[in-house]
>>> print(open('data_3.cif').read())   # mmCIF, C-alpha atoms and all ligand atoms
data_data
loop_
_atom_site.label_atom_id
_atom_site.label_comp_id
_atom_site.auth_asym_id
_atom_site.auth_seq_id
_atom_site.Cartn_x
_atom_site.Cartn_y
_atom_site.Cartn_z
CA MET L 214 121.18 202.23 -177.36
CA ALA L 215 121.14 199.29 -179.77
CA LEU L 216 124.32 197.16 -179.81
CA THR L 217 126.23 196.44 -183.00
CA GLY L 218 126.80 192.89 -184.23
CA LEU L 219 130.40 192.99 -183.01
CA GLN L 220 129.40 194.24 -179.55
CA ILE L 221 126.89 191.40 -179.30
CA PHE L 222 129.49 188.90 -180.55
CA LYS L 223 131.78 189.81 -177.64
CA LEU L 224 129.02 188.76 -175.23
CA LEU L 225 128.46 185.34 -176.84
CA PRO L 226 130.27 182.06 -175.91
CA LYS L 227 132.18 181.96 -179.27
CA THR L 228 132.08 178.16 -179.45
CA ASN L 229 130.37 178.03 -182.87
CA CYS L 230 128.32 175.06 -181.67
CA LYS L 231 125.56 175.82 -184.24
CA GLU L 232 122.72 174.98 -181.83
CA CYS L 233 121.10 178.33 -182.68
CA GLY L 234 120.82 177.26 -186.29
CA MET L 235 123.60 179.62 -187.41
CA PRO L 236 127.02 178.43 -188.63
CA THR L 237 128.95 180.66 -186.21
CA CYS L 238 128.45 182.86 -183.16
CA LEU L 239 129.38 185.84 -185.34
CA ALA L 240 126.60 185.05 -187.82
CA PHE L 241 124.17 184.75 -184.91
CA ALA L 242 125.36 188.09 -183.49
CA MET L 243 124.82 189.81 -186.83
CA ALA L 244 121.35 188.30 -187.15
CA LEU L 245 120.55 189.42 -183.60
CA ALA L 246 121.68 192.99 -184.33
CA GLN L 247 119.34 193.04 -187.34
CA LYS L 248 116.52 191.66 -185.19
CA LYS L 249 116.38 188.53 -187.39
CA ALA L 250 117.13 186.20 -184.44
CA LYS L 251 116.26 186.03 -180.75
CA LEU L 252 118.74 185.61 -177.93
CA GLU L 253 116.68 182.70 -176.58
CA ASP L 254 117.82 180.72 -179.64
CA CYS L 255 121.29 180.47 -178.09
CA PRO L 256 121.00 178.08 -175.12
CA HIS L 257 124.51 178.95 -173.93
CA ALA L 258 124.18 182.75 -173.55
CA SER L 259 125.32 183.86 -170.09
CA GLU L 260 123.16 185.78 -167.64
CA GLU L 261 125.49 188.74 -168.14
CA ALA L 262 124.88 188.64 -171.92
CA LYS L 263 121.12 188.36 -171.40
CA ALA L 264 121.07 191.37 -169.05
CA ALA L 265 123.22 193.50 -171.38
CA LEU L 266 121.14 192.67 -174.42
CA ALA L 267 117.84 193.22 -172.63
CA GLU L 268 119.03 196.66 -171.51
CA ALA L 269 120.21 197.50 -175.03
CA ALA L 270 116.97 196.26 -176.57
CA ALA L 271 114.77 198.40 -174.29
CA PRO L 272 113.13 201.18 -176.33
CA PRO L 273 114.53 204.68 -175.63
CA ILE L 274 110.97 205.84 -174.92
CA CYS L 275 109.01 203.37 -172.80
CA GLN L 276 105.63 202.14 -173.83
CA VAL L 277 102.84 202.91 -171.36
CA LYS L 278 99.38 201.36 -171.47
CA PHE L 279 96.24 202.47 -169.69
CA GLY L 280 92.56 201.58 -169.92
CA ALA L 281 91.33 198.03 -169.55
CA ALA L 282 90.31 195.40 -172.11
CA GLU L 283 88.99 196.98 -175.31
CA ALA L 284 89.52 200.51 -173.97
CA GLU L 285 93.25 199.91 -173.59
CA VAL L 286 95.48 202.46 -175.31
CA GLN L 287 99.24 202.50 -175.60
CA VAL L 288 101.56 205.47 -175.95
CA GLY L 289 105.30 205.98 -176.27
CA GLN L 290 107.80 203.50 -177.68
CA GLU L 291 108.78 205.91 -180.46
CA THR L 292 112.21 205.49 -181.98
CA VAL L 293 112.71 208.46 -184.31
CA MET L 294 112.40 212.23 -184.26
CA PHE L 295 110.96 212.46 -187.76
CA ARG L 296 108.43 210.25 -189.43
CA HIS L 297 110.38 209.85 -192.67
CA GLU L 298 113.31 208.27 -190.75
CA GLU L 299 111.21 205.18 -190.04
CA LYS L 300 107.67 205.66 -188.81
CA PHE L 301 105.81 206.64 -185.66
CA TYR L 302 104.32 203.72 -183.79
CA ASN L 303 101.71 204.63 -181.20
CA PRO L 304 99.23 207.31 -182.31
CA THR L 305 98.64 210.29 -180.03
CA VAL L 306 95.70 209.54 -177.76
CA MET L 307 93.08 212.28 -177.94
CA ALA L 308 91.29 212.83 -174.65
CA VAL L 309 88.53 215.23 -173.64
CA SER L 310 88.12 216.63 -170.15
CA VAL L 311 85.19 216.24 -167.78
CA SER L 312 85.01 218.57 -164.80
CA ASP L 313 84.08 217.00 -161.48
CA LYS L 314 81.98 220.09 -160.84
CA LEU L 315 79.37 218.48 -163.08
CA THR L 316 76.83 216.18 -161.49
CA GLY L 317 73.75 214.15 -162.39
CA ASP L 318 72.33 214.57 -165.90
CA ASP L 319 74.84 217.28 -166.83
CA LEU L 320 77.71 214.91 -166.09
CA LYS L 321 76.08 212.07 -168.03
CA LYS L 322 75.36 214.35 -170.99
CA ARG L 323 78.98 215.47 -171.10
CA ILE L 324 80.23 211.86 -170.99
CA GLU L 325 77.84 210.89 -173.79
CA GLU L 326 79.03 213.80 -175.93
CA ILE L 327 82.60 212.59 -175.55
CA ASN L 328 81.67 208.95 -176.26
CA ASP L 329 80.10 210.21 -179.46
CA LEU L 330 83.30 211.81 -180.80
CA GLN L 331 83.99 209.19 -183.44
CA PHE L 332 84.04 209.38 -187.20
CA ASP L 333 84.47 207.21 -190.29
CA ARG L 334 87.25 208.45 -192.52
CA VAL L 335 88.65 206.72 -195.60
CA GLY L 336 87.34 203.39 -194.37
CA GLN L 337 88.71 203.69 -190.86
CA ARG L 338 87.08 204.52 -187.53
CA ILE L 339 88.83 207.42 -185.80
CA GLN L 340 87.82 208.57 -182.35
CA VAL L 341 88.59 210.22 -179.05
CA LYS L 342 90.05 207.43 -176.95
CA ALA L 343 90.09 208.75 -173.40
CA ILE L 344 88.20 210.88 -170.89
CA ALA L 345 90.21 213.00 -168.45
CA VAL L 346 88.39 213.60 -165.18
CA MET L 347 89.60 216.94 -163.82
CA ASN L 348 89.44 217.64 -160.10
CA GLU L 349 88.25 221.25 -160.49
CA SER L 350 85.91 221.11 -157.50
CA GLY L 351 88.75 220.66 -155.01
CA SER L 352 86.64 217.96 -153.37
CA ALA L 353 87.83 214.35 -153.11
CA GLU L 354 84.20 213.10 -152.96
CA SER L 355 83.19 214.96 -156.14
CA PHE L 356 86.30 213.69 -157.92
CA ALA L 357 85.57 210.11 -156.93
CA ALA L 358 81.90 210.46 -157.95
CA ALA L 359 82.83 211.85 -161.39
CA ALA L 360 85.37 209.06 -161.93
CA ALA L 361 82.75 206.45 -160.98
CA ALA L 362 80.25 208.02 -163.40
CA VAL L 363 82.81 207.92 -166.24
CA LYS L 364 83.56 204.27 -165.51
CA GLU L 365 79.86 203.44 -165.56
CA ASN L 366 78.90 205.44 -168.64
CA SER L 367 81.87 205.35 -170.97
CA PRO L 368 83.76 202.60 -172.81
CA LEU L 369 86.80 204.91 -173.13
CA ALA L 370 90.08 204.84 -171.23
CA MET L 371 90.23 207.15 -168.22
CA ILE L 372 92.70 209.72 -166.93
CA LEU L 373 92.33 210.97 -163.33
CA TYR L 374 93.83 214.43 -163.01
CA SER L 375 94.25 216.05 -159.61
CA ASP L 376 96.91 217.94 -157.66
CA SER L 377 95.62 216.35 -154.47
CA VAL L 378 96.80 212.89 -153.44
CA GLU L 379 93.77 212.60 -151.15
CA ALA L 380 91.44 213.12 -154.12
CA LEU L 381 93.51 210.76 -156.23
CA ALA L 382 93.35 208.05 -153.56
CA ALA L 383 89.58 208.48 -153.18
CA ALA L 384 88.93 208.28 -156.93
CA ALA L 385 91.47 205.65 -158.00
CA GLY L 386 90.41 202.76 -155.74
CA PRO L 387 86.82 202.30 -156.96
CA VAL L 388 87.80 202.56 -160.66
CA ALA L 389 91.14 200.74 -160.50
CA GLN L 390 89.81 197.88 -162.61
CA ALA L 391 89.53 200.31 -165.51
CA LYS L 392 93.29 200.88 -165.17
CA PRO L 393 93.17 204.68 -165.36
CA LEU L 394 96.22 206.86 -165.94
CA LEU L 395 96.69 208.62 -162.60
CA GLY L 396 98.03 212.10 -162.02
CA VAL L 397 99.58 214.25 -161.12
CA ALA L 398 102.64 213.44 -159.04
CA GLN L 399 104.75 216.48 -158.23
CA ALA L 400 107.99 216.61 -156.24
CA GLU L 401 106.21 217.07 -152.91
CA THR L 402 103.58 214.39 -153.59
CA ALA L 403 105.68 211.93 -155.57
CA GLU L 404 105.99 209.29 -152.88
CA ALA L 405 102.31 209.28 -151.91
CA ALA L 406 101.12 209.37 -155.54
CA ALA L 407 103.52 206.58 -156.49
CA LYS L 408 102.14 204.46 -153.67
CA ILE L 409 98.58 204.91 -155.01
CA ALA L 410 99.73 204.02 -158.53
CA LYS L 411 101.66 201.00 -157.30
CA ASP L 412 98.82 199.75 -155.09
CA HIS L 413 96.40 199.87 -158.03
CA ASN L 414 98.89 198.84 -160.73
CA CYS L 415 98.20 202.01 -162.73
CA PRO L 416 100.57 204.29 -164.65
CA LEU L 417 101.35 207.70 -163.17
CA ILE L 418 101.78 211.23 -164.57
CA ALA L 419 104.90 213.01 -163.30
CA GLN L 420 104.61 216.80 -163.45
CA ALA L 421 107.26 219.47 -162.95
CA GLU L 422 108.09 223.04 -163.97
CA SER L 423 111.24 222.24 -165.94
CA ILE L 424 112.79 219.38 -167.87
CA GLU L 425 115.55 219.05 -165.25
CA ASP L 426 113.02 218.79 -162.40
CA LEU L 427 111.03 216.29 -164.41
CA ALA L 428 114.08 214.04 -164.85
CA GLU L 429 114.68 214.06 -161.08
CA LEU L 430 111.00 213.40 -160.42
CA THR L 431 110.82 210.32 -162.66
CA GLU L 432 113.84 208.87 -160.85
CA MET L 433 112.04 209.36 -157.53
CA ILE L 434 108.88 207.72 -158.85
CA LYS L 435 110.83 204.83 -160.34
CA ALA L 436 112.65 204.34 -157.04
CA ALA L 437 109.21 204.17 -155.38
CA GLY L 438 108.37 201.19 -157.61
CA VAL L 439 106.40 202.71 -160.51
CA GLU L 440 107.82 201.96 -163.96
CA ASP L 441 104.97 203.24 -166.13
CA ILE L 442 105.31 207.00 -166.14
CA VAL L 443 103.91 209.76 -168.37
CA LEU L 444 105.64 213.15 -168.42
CA SER L 445 103.82 216.44 -167.95
CA LEU L 446 105.35 219.90 -167.93
CA LYS L 447 103.49 222.78 -166.35
CA ARG L 448 102.67 224.73 -169.46
CA PRO L 449 104.48 227.88 -170.49
CA ALA L 450 103.24 229.59 -173.67
CA LEU L 451 102.79 227.31 -176.67
CA LYS L 452 106.18 228.08 -178.23
CA GLY L 453 108.04 227.19 -175.01
CA HIS L 454 105.96 224.07 -174.52
CA LEU L 455 106.70 222.79 -178.02
CA TYR L 456 110.39 223.51 -177.48
CA ASN L 457 110.35 221.52 -174.23
CA LEU L 458 108.50 218.58 -175.77
CA SER L 459 111.02 218.50 -178.62
CA GLN L 460 113.91 218.62 -176.15
CA ILE L 461 112.50 215.72 -174.15
CA ARG L 462 112.11 213.64 -177.29
CA ALA L 463 115.61 214.49 -178.54
CA VAL L 464 117.32 213.76 -175.23
CA ALA L 465 115.47 210.47 -174.85
CA LEU L 466 116.18 209.29 -178.39
CA LYS L 467 119.60 210.69 -179.17
CA LYS L 468 121.23 210.53 -175.73
CA ASN L 469 119.26 207.52 -174.55
CA PHE L 470 118.59 209.50 -171.35
CA ARG L 471 116.35 207.10 -169.46
CA PRO L 472 114.86 209.57 -166.91
CA LEU L 473 113.11 211.33 -169.80
CA GLY L 474 112.42 208.21 -171.87
CA TYR L 475 108.66 208.27 -171.31
CA PRO L 476 105.58 209.37 -173.26
CA THR L 477 104.18 212.85 -172.62
CA ILE L 478 100.80 214.42 -171.93
CA SER L 479 99.65 217.98 -172.69
CA CYS L 480 96.43 219.74 -171.69
CA VAL L 481 94.73 222.42 -173.79
CA LEU L 482 91.80 223.43 -171.65
CA GLU L 483 91.45 227.16 -172.29
CA GLY L 484 90.27 229.26 -175.22
CA GLY L 485 87.52 228.59 -177.72
CA PRO L 486 87.20 225.38 -179.74
CA ALA L 487 89.17 226.77 -182.71
CA GLU L 488 91.99 227.95 -180.46
CA GLN L 489 92.12 224.62 -178.64
CA SER L 490 92.11 222.74 -181.91
CA ALA L 491 95.01 224.80 -183.29
CA GLU L 492 97.11 224.41 -180.12
CA ALA L 493 96.35 220.71 -179.80
CA LEU L 494 97.37 220.17 -183.41
CA SER L 495 100.79 221.68 -182.70
CA MET L 496 101.21 219.32 -179.77
CA ILE L 497 100.19 216.31 -181.82
CA CYS L 498 102.87 217.23 -184.35
CA LYS L 499 105.55 217.77 -181.69
CA TYR L 500 105.42 215.43 -179.70
CA SER L 501 102.65 214.85 -177.20
CA SER L 502 101.67 211.23 -176.73
CA ILE L 503 98.38 212.26 -175.09
CA VAL L 504 96.53 215.54 -175.69
CA VAL L 505 93.60 216.57 -173.51
CA VAL L 506 91.20 219.22 -174.81
CA GLU L 507 88.07 220.68 -173.28
CA THR L 508 85.96 221.16 -176.39
CA VAL L 509 83.44 218.59 -177.58
CA GLN L 510 82.76 220.39 -180.86
CA LYS L 511 82.98 217.79 -183.60
CA TRP L 512 84.34 220.31 -186.11
CA ALA L 513 87.23 221.03 -183.73
CA ILE L 514 87.96 217.38 -182.95
CA LEU L 515 87.77 215.87 -186.45
CA PRO L 516 90.83 217.73 -187.82
CA LEU L 517 92.85 216.54 -184.82
CA LEU L 518 91.91 212.90 -185.33
CA THR L 519 92.58 213.24 -189.07
CA ALA L 520 96.02 214.69 -188.36
CA ILE L 521 96.81 211.81 -186.00
CA MET L 522 95.68 209.31 -188.61
CA ASN L 523 97.96 210.87 -191.23
CA ILE L 524 101.01 211.40 -189.03
CA PHE L 525 100.95 207.85 -187.68
CA THR L 526 100.60 206.22 -191.07
CA ASP L 527 103.77 204.46 -192.19
CA PRO L 528 105.12 206.85 -194.87
CA GLN L 529 106.71 203.94 -196.71
CA LYS L 530 103.44 202.04 -197.05
CA PRO L 531 100.63 203.88 -198.82
CA VAL L 532 97.28 203.06 -197.32
CA GLN L 533 95.55 200.80 -199.81
CA VAL L 534 92.17 199.29 -200.41
CA GLU L 535 91.71 195.85 -201.91
CA ALA L 536 91.87 195.81 -205.69
CA LYS L 537 88.47 194.46 -206.76
CA VAL L 538 85.05 195.62 -207.95
CA TYR L 539 83.00 197.57 -205.42
CA ALA L 540 79.23 197.85 -205.81
CA ILE L 541 77.87 201.23 -204.72
CA GLY L 542 74.14 201.03 -204.04
CA GLU L 543 72.50 198.15 -205.87
CA PRO L 544 73.89 198.33 -209.39
CA ASP L 545 72.70 196.09 -212.23
CA GLU L 546 73.89 195.26 -215.74
CA ASN L 547 72.96 198.75 -216.97
CA SER L 548 74.80 200.63 -214.24
CA PRO L 549 77.89 202.76 -214.90
CA LEU L 550 81.30 201.16 -214.43
CA LEU L 551 84.21 203.40 -213.38
CA PHE L 552 87.76 202.63 -212.51
CA THR L 553 90.15 204.22 -210.06
CA THR L 554 93.35 203.21 -208.24
CA ASN L 555 93.79 201.41 -204.92
CA PHE L 556 95.25 204.41 -203.04
CA SER L 557 92.81 204.55 -200.17
CA LEU L 558 92.29 208.32 -200.17
CA THR L 559 91.60 208.26 -203.92
CA TYR L 560 89.19 205.35 -203.63
CA TYR L 561 87.18 206.76 -200.71
CA THR L 562 86.94 210.16 -202.37
CA VAL L 563 85.55 208.54 -205.53
CA GLU L 564 83.28 206.28 -203.48
CA SER L 565 81.75 209.16 -201.54
CA ASP L 566 81.09 211.15 -204.73
CA VAL L 567 79.54 208.12 -206.43
CA GLU L 568 77.33 207.66 -203.37
CA ALA L 569 76.39 211.34 -203.50
CA SER L 570 75.24 210.90 -207.12
CA ARG L 571 72.65 208.33 -205.98
CA VAL L 572 73.38 206.46 -209.21
CA PRO L 573 74.04 202.79 -208.37
CA SER L 574 77.44 202.06 -209.92
CA TYR L 575 80.40 199.71 -210.01
CA ILE L 576 83.90 200.93 -209.17
CA LEU L 577 86.73 198.79 -210.47
CA VAL L 578 89.77 199.34 -208.24
CA VAL L 579 93.01 198.74 -210.09
CA ASP L 580 96.14 197.73 -208.16
CA THR L 581 98.69 200.55 -208.55
CA GLU L 582 100.59 199.71 -205.34
CA GLY L 583 98.63 202.27 -203.38
CA THR L 584 99.41 205.28 -205.55
CA SER L 585 96.99 207.92 -206.80
CA VAL L 586 95.85 208.16 -210.41
CA LEU L 587 98.39 210.69 -211.67
CA THR L 588 101.29 209.25 -209.67
CA ALA L 589 100.52 205.76 -210.92
CA TYR L 590 100.22 206.95 -214.51
CA SER L 591 103.51 208.88 -214.31
CA GLY L 592 105.27 205.83 -212.85
CA ASP L 593 103.76 203.51 -215.49
CA LYS L 594 101.89 201.59 -212.81
CA LEU L 595 98.68 202.60 -214.55
CA ASN L 596 98.39 202.02 -218.29
CA GLU L 597 95.98 200.40 -220.73
CA LYS L 598 97.43 196.93 -220.12
CA VAL L 599 97.08 197.18 -216.32
CA VAL L 600 93.46 198.34 -216.62
CA ALA L 601 92.61 195.69 -219.23
CA GLU L 602 94.14 193.01 -217.01
CA ALA L 603 92.11 194.21 -214.01
CA MET L 604 88.91 194.20 -216.08
CA LYS L 605 89.61 190.64 -217.20
CA LYS L 606 90.57 189.39 -213.75
CA ASN L 607 87.42 190.88 -212.21
CA GLU L 608 85.19 189.68 -215.09
CA VAL L 609 83.51 193.05 -215.48
CA ASP L 610 81.98 191.90 -218.76
CA LYS L 611 79.70 189.67 -216.66
CA LEU L 612 78.61 192.59 -214.49
CA VAL L 613 77.50 195.05 -217.14
CA LYS L 614 76.24 194.55 -220.71
CA HIS L 615 76.92 198.03 -222.10
CA LYS L 616 80.71 197.69 -222.48
CA LYS L 617 81.39 201.30 -221.46
CA LEU L 618 84.12 202.21 -219.01
CA ILE L 619 84.40 205.60 -217.30
CA ILE L 620 88.02 206.59 -216.70
CA PRO L 621 89.42 209.40 -214.51
CA GLY L 622 89.69 212.70 -216.38
CA TYR L 623 93.36 213.00 -215.38
CA VAL L 624 94.23 210.02 -217.60
CA ALA L 625 92.12 211.01 -220.60
CA VAL L 626 95.30 210.58 -222.62
CA MET L 627 95.11 206.79 -222.28
CA SER L 628 91.55 206.54 -223.64
CA GLY L 629 92.57 205.65 -227.23
CA LYS L 630 94.98 202.87 -226.29
CA LEU L 631 92.56 201.53 -223.68
CA GLU L 632 89.78 201.37 -226.25
CA GLU L 633 92.06 199.39 -228.59
CA GLU L 634 93.24 197.10 -225.79
CA THR L 635 89.77 196.28 -224.44
CA GLY L 636 87.35 196.88 -227.30
CA TRP L 637 85.21 198.82 -224.82
CA GLU L 638 83.91 202.34 -225.31
CA ILE L 639 85.86 204.68 -223.07
CA LEU L 640 84.08 207.63 -221.45
CA VAL L 641 86.37 210.24 -219.97
CA GLY L 642 85.13 211.27 -216.53
CA PRO L 643 85.74 214.60 -214.84
CA ARG L 644 89.21 215.57 -213.57
CA GLU L 645 87.78 216.62 -210.21
CA CYS L 646 85.82 214.07 -208.23
CA SER L 647 83.39 216.66 -206.95
CA VAL L 648 81.91 216.89 -210.48
CA LEU L 649 81.34 213.12 -210.54
CA PRO L 650 77.73 213.16 -209.20
CA LYS L 651 76.58 215.47 -212.00
CA PHE L 652 78.55 213.45 -214.56
CA LEU L 653 77.02 210.14 -213.44
CA GLN L 654 73.49 211.54 -213.41
CA GLU L 655 73.99 212.64 -217.01
CA VAL L 656 75.48 209.38 -218.32
CA ALA L 657 73.25 207.01 -216.33
S1 LIG Y 701 124.11 178.55 -180.09
FE1 LIG Y 701 125.17 180.22 -179.11
S2 LIG Y 701 127.21 179.44 -178.77
FE2 LIG Y 701 126.29 178.11 -180.28
S3 LIG Y 701 126.82 178.98 -182.28
FE3 LIG Y 701 124.89 179.84 -181.72
S4 LIG Y 701 125.43 181.74 -180.72
FE4 LIG Y 701 127.30 180.50 -180.72
#
>>> encode(input="data_3.cif", output="structure tokens")
Amino acid sequence: MALTGLQIFKLLPKTNCKECGMPTCLAFAMALAQKKAKLEDCPHASEEAKAALAEAAAPPICQVKFGAAEAEVQVGQETVMFRHEEKFYNPTVMAVSVSDKLTGDDLKKRIEEINDLQFDRVGQRIQVKAIAVMNESGSAESFAAAAAAVKENSPLAMILYSDSVEALAAAAGPVAQAKPLLGVAQAETAEAAAKIAKDHNCPLIAQAESIEDLAELTEMIKAAGVEDIVLSLKRPALKGHLYNLSQIRAVALKKNFRPLGYPTISCVLEGGPAEQSAEALSMICKYSSIVVVETVQKWAILPLLTAIMNIFTDPQKPVQVEAKVYAIGEPDENSPLLFTTNFSLTYYTVESDVEASRVPSYILVVDTEGTSVLTAYSGDKLNEKVVAEAMKKNEVDKLVKHKKLIIPGYVAVMSGKLEEETGWEILVGPRECSVLPKFLQEVA
């Protein structure tokens, strides 16, 4: 639990020596509480103060990393129950399972299908980030062979998932450099599984039937020397599972209950692609740090990645694109010129419809602090002066010779004033972007 300024002050030397750059120890304590200073700036802080502050500064949910180099992913370290309270930090890692019953070309094909689960959306790359190798064969050799094949054929992070510590030991050693997430450690296998994780410096999944058992299990694993733990509950029906995940999050955040202060993993391996997608989506919302599905259907995966992208966007910072002129295709001085706002979803929607028209065009993006057309207009962030200023700043009169500007249909009301302000002819575009291709083909 974070300490207040006064609690921190009590731990400081109270000499007001100013060596930290602050006029008093109290001022330094207040700055420290607001995370505007670092304890290292006070050369006189006692070991006791350092230990107390380090403990207080530790996040209520630990951060766990797995995967090596560019494949590395991080989960956990969340600080709030609800996104609007602050923001969520580490996006849910989507993983897809690979059965170790597969061999040869079938195994390679499956790995390639998973590698290929990546998409471009509103200017960002979103993708499945991990492959979970499932020990369904019951054989340690098959498990190890599948893990080796994933390491060789995939750039993604790896999860090794087996009830058997023998299988885990056989698979983990040869792929340890890839820093896989190992699992699962249960009460009866905790010590042996923890030893494997510790030997290979890999994080470990702790799995139990109930939240209470899970808390005891993580203490056992921690005592065995493994700090990086991911929680897994044997799954009851969806409703119960979501309740348990919410309980774990609440206890970790609100009670600062360290034995449950870890990220979580959920598996959705049964049912058709649509069913898996729906269940996985619930778990992304509340509150799985890692979700493993079995389907490789792109139409089932894309909505999950889109949801993750949206949920883990800082709600206080609209996603923006740079305010400038974008050339779509190879426009020339006769090409249409449109304007829109710098809210990323608005821009990329317009961009894709302009592309679909196959009419080379210019899009002038006006800075409206990342708000959409109607929101910006209602808040007076978008008016004739703002657009005229953007046109001037971007020298659009040097790009096109026709002096015609296409404006979004939703702000048709500003056409008169904009015409007066700029001296340009204003063409009112469609209200719905989907009509834009037809509109551009007609005006071009
Ligand atoms: S350096 Fe330490 S002891 Fe000196 S004023 Fe700052 S907080 Fe107080």
>>> residues_near_ligand(input="data_3.cif", ligand="ligand LIG 701 (chain Y)", cutoff="10 Å", atoms="only C-alpha atoms and all ligand atoms", output="MDAnalysis selection string")
chainID L and resid 221:222 224:242 245 252:259
>>> residues_around(input="data_3.cif", residues="Leu494 (chain L)", least_positions_apart="5", cutoff="9 Å", atoms="only C-alpha atoms", output="ChimeraX atom specification")
/L:489,499,516-517,520-521
>>> closest_atom_pairs(input="data_3.cif", of="region 328-428 of chain L", to="region 441-448 of chain L", cutoff="8 Å", atoms="only C-alpha atoms", output="JSON lines")
{"residue": "L:Cys415", "atom": "CA", "partner": "L:Asp441", "partner_atom": "CA", "distance": 7.7}
{"residue": "L:Pro416", "atom": "CA", "partner": "L:Asp441", "partner_atom": "CA", "distance": 4.8}
{"residue": "L:Leu417", "atom": "CA", "partner": "L:Ile442", "partner_atom": "CA", "distance": 5.0}
{"residue": "L:Ile418", "atom": "CA", "partner": "L:Val443", "partner_atom": "CA", "distance": 4.6}
{"residue": "L:Ala419", "atom": "CA", "partner": "L:Leu444", "partner_atom": "CA", "distance": 5.2}
{"residue": "L:Gln420", "atom": "CA", "partner": "L:Ser445", "partner_atom": "CA", "distance": 4.6}
{"residue": "L:Ala421", "atom": "CA", "partner": "L:Leu446", "partner_atom": "CA", "distance": 5.4}
{"residue": "L:Glu422", "atom": "CA", "partner": "L:Lys447", "partner_atom": "CA", "distance": 5.2}
{"residue": "L:Ser423", "atom": "CA", "partner": "L:Leu446", "partner_atom": "CA", "distance": 6.6}
{"residue": "L:Ile424", "atom": "CA", "partner": "L:Leu446", "partner_atom": "CA", "distance": 7.5}
{"residue": "L:Leu427", "atom": "CA", "partner": "L:Leu444", "partner_atom": "CA", "distance": 7.4}
>>> write_last_selection(input="data_3.cif", atoms="C-alpha atoms", output="PDB file, keeping the file's coordinate frame")
ATOM      1  CA  CYS L 415      98.200 202.010-162.730  1.00  0.00           C
ATOM      2  CA  PRO L 416     100.570 204.290-164.650  1.00  0.00           C
ATOM      3  CA  LEU L 417     101.350 207.700-163.170  1.00  0.00           C
ATOM      4  CA  ILE L 418     101.780 211.230-164.570  1.00  0.00           C
ATOM      5  CA  ALA L 419     104.900 213.010-163.300  1.00  0.00           C
ATOM      6  CA  GLN L 420     104.610 216.800-163.450  1.00  0.00           C
ATOM      7  CA  ALA L 421     107.260 219.470-162.950  1.00  0.00           C
ATOM      8  CA  GLU L 422     108.090 223.040-163.970  1.00  0.00           C
ATOM      9  CA  SER L 423     111.240 222.240-165.940  1.00  0.00           C
ATOM     10  CA  ILE L 424     112.790 219.380-167.870  1.00  0.00           C
ATOM     11  CA  LEU L 427     111.030 216.290-164.410  1.00  0.00           C
TER      12      LEU L 427
END
>>> atom_distance(input="data_3.cif", atom1="CA of Lys300 (chain L)", atom2="CA of Glu492 (chain L)")
23.2 Å
>>> closest_atom_pairs(input="data_3.cif", of="region 557-624 of chain L", to="region 523-535 of chain L", cutoff="8 Å", atoms="all atoms listed in the file", output="tab-separated table")
residue	atom	partner	partner_atom	distance
L:Ser557	CA	L:Gln533	CA	4.7
L:Leu558	CA	L:Val532	CA	7.8
L:Tyr560	CA	L:Val534	CA	7.5
L:Val578	CA	L:Glu535	CA	7.5
L:Asp580	CA	L:Glu535	CA	7.9
L:Glu582	CA	L:Gln533	CA	7.6
L:Gly583	CA	L:Gln533	CA	4.9
L:Thr584	CA	L:Pro531	CA	7.0
>>> residues_around(input="data_3.cif", residues="Ile541 (chain L)", least_positions_apart="6", cutoff="10 Å", atoms="all atoms listed in the file", output="list in words")
Glu564, Ser565, Val567, Glu568, Arg571, Val572, Pro573, Ser574, Tyr575 and Ile576 of chain L
>>> residues_around(input="data_3.cif", residues="Ala601 (chain L)", least_positions_apart="5", cutoff="10 Å", atoms="all atoms listed in the file", output="CSV table (one decimal) with C-alpha atoms, keeping the file's coordinate frame")
chain,number,residue,atom,x,y,z
L,579,VAL,CA,93.0,198.7,-210.1
L,596,ASN,CA,98.4,202.0,-218.3
L,606,LYS,CA,90.6,189.4,-213.8
L,607,ASN,CA,87.4,190.9,-212.2
L,631,LEU,CA,92.6,201.5,-223.7
L,632,GLU,CA,89.8,201.4,-226.2
L,634,GLU,CA,93.2,197.1,-225.8
L,635,THR,CA,89.8,196.3,-224.4
L,636,GLY,CA,87.4,196.9,-227.3
L,637,TRP,CA,85.2,198.8,-224.8
>>> residues_around(input="data_3.cif", residues="region 461-467 of chain L", least_positions_apart="2", cutoff="9 Å", atoms="all atoms listed in the file", output="number ranges by chain")
L: 214, 272-274, 291-294, 424, 456-459, 469-477, 499-500
>>> closest_residue(input="data_3.cif", among="L:Leu451, L:Val309, L:Val506, L:Ile478", to="Val277 (chain L)", atoms="all atoms listed in the file")
L:Ile478
>>> residues_around(input="data_3.cif", residues="Glu546 (chain L)", least_positions_apart="5", cutoff="12 Å", atoms="all atoms listed in the file", output="ChimeraX atom specification")
/L:540,573-575,609-617,657
>>> write_last_selection(input="data_3.cif", atoms="C-alpha atoms", output="short mmCIF file (atom, residue, chain, number, x, y, z; two decimals), in the frame of the given file")
data_model
loop_
_atom_site.label_atom_id
_atom_site.label_comp_id
_atom_site.auth_asym_id
_atom_site.auth_seq_id
_atom_site.Cartn_x
_atom_site.Cartn_y
_atom_site.Cartn_z
CA ALA L 540 79.23 197.85 -205.81
CA PRO L 573 74.04 202.79 -208.37
CA SER L 574 77.44 202.06 -209.92
CA TYR L 575 80.40 199.71 -210.01
CA VAL L 609 83.51 193.05 -215.48
CA ASP L 610 81.98 191.90 -218.76
CA LYS L 611 79.70 189.67 -216.66
CA LEU L 612 78.61 192.59 -214.49
CA VAL L 613 77.50 195.05 -217.14
CA LYS L 614 76.24 194.55 -220.71
CA HIS L 615 76.92 198.03 -222.10
CA LYS L 616 80.71 197.69 -222.48
CA LYS L 617 81.39 201.30 -221.46
CA ALA L 657 73.25 207.01 -216.33
#
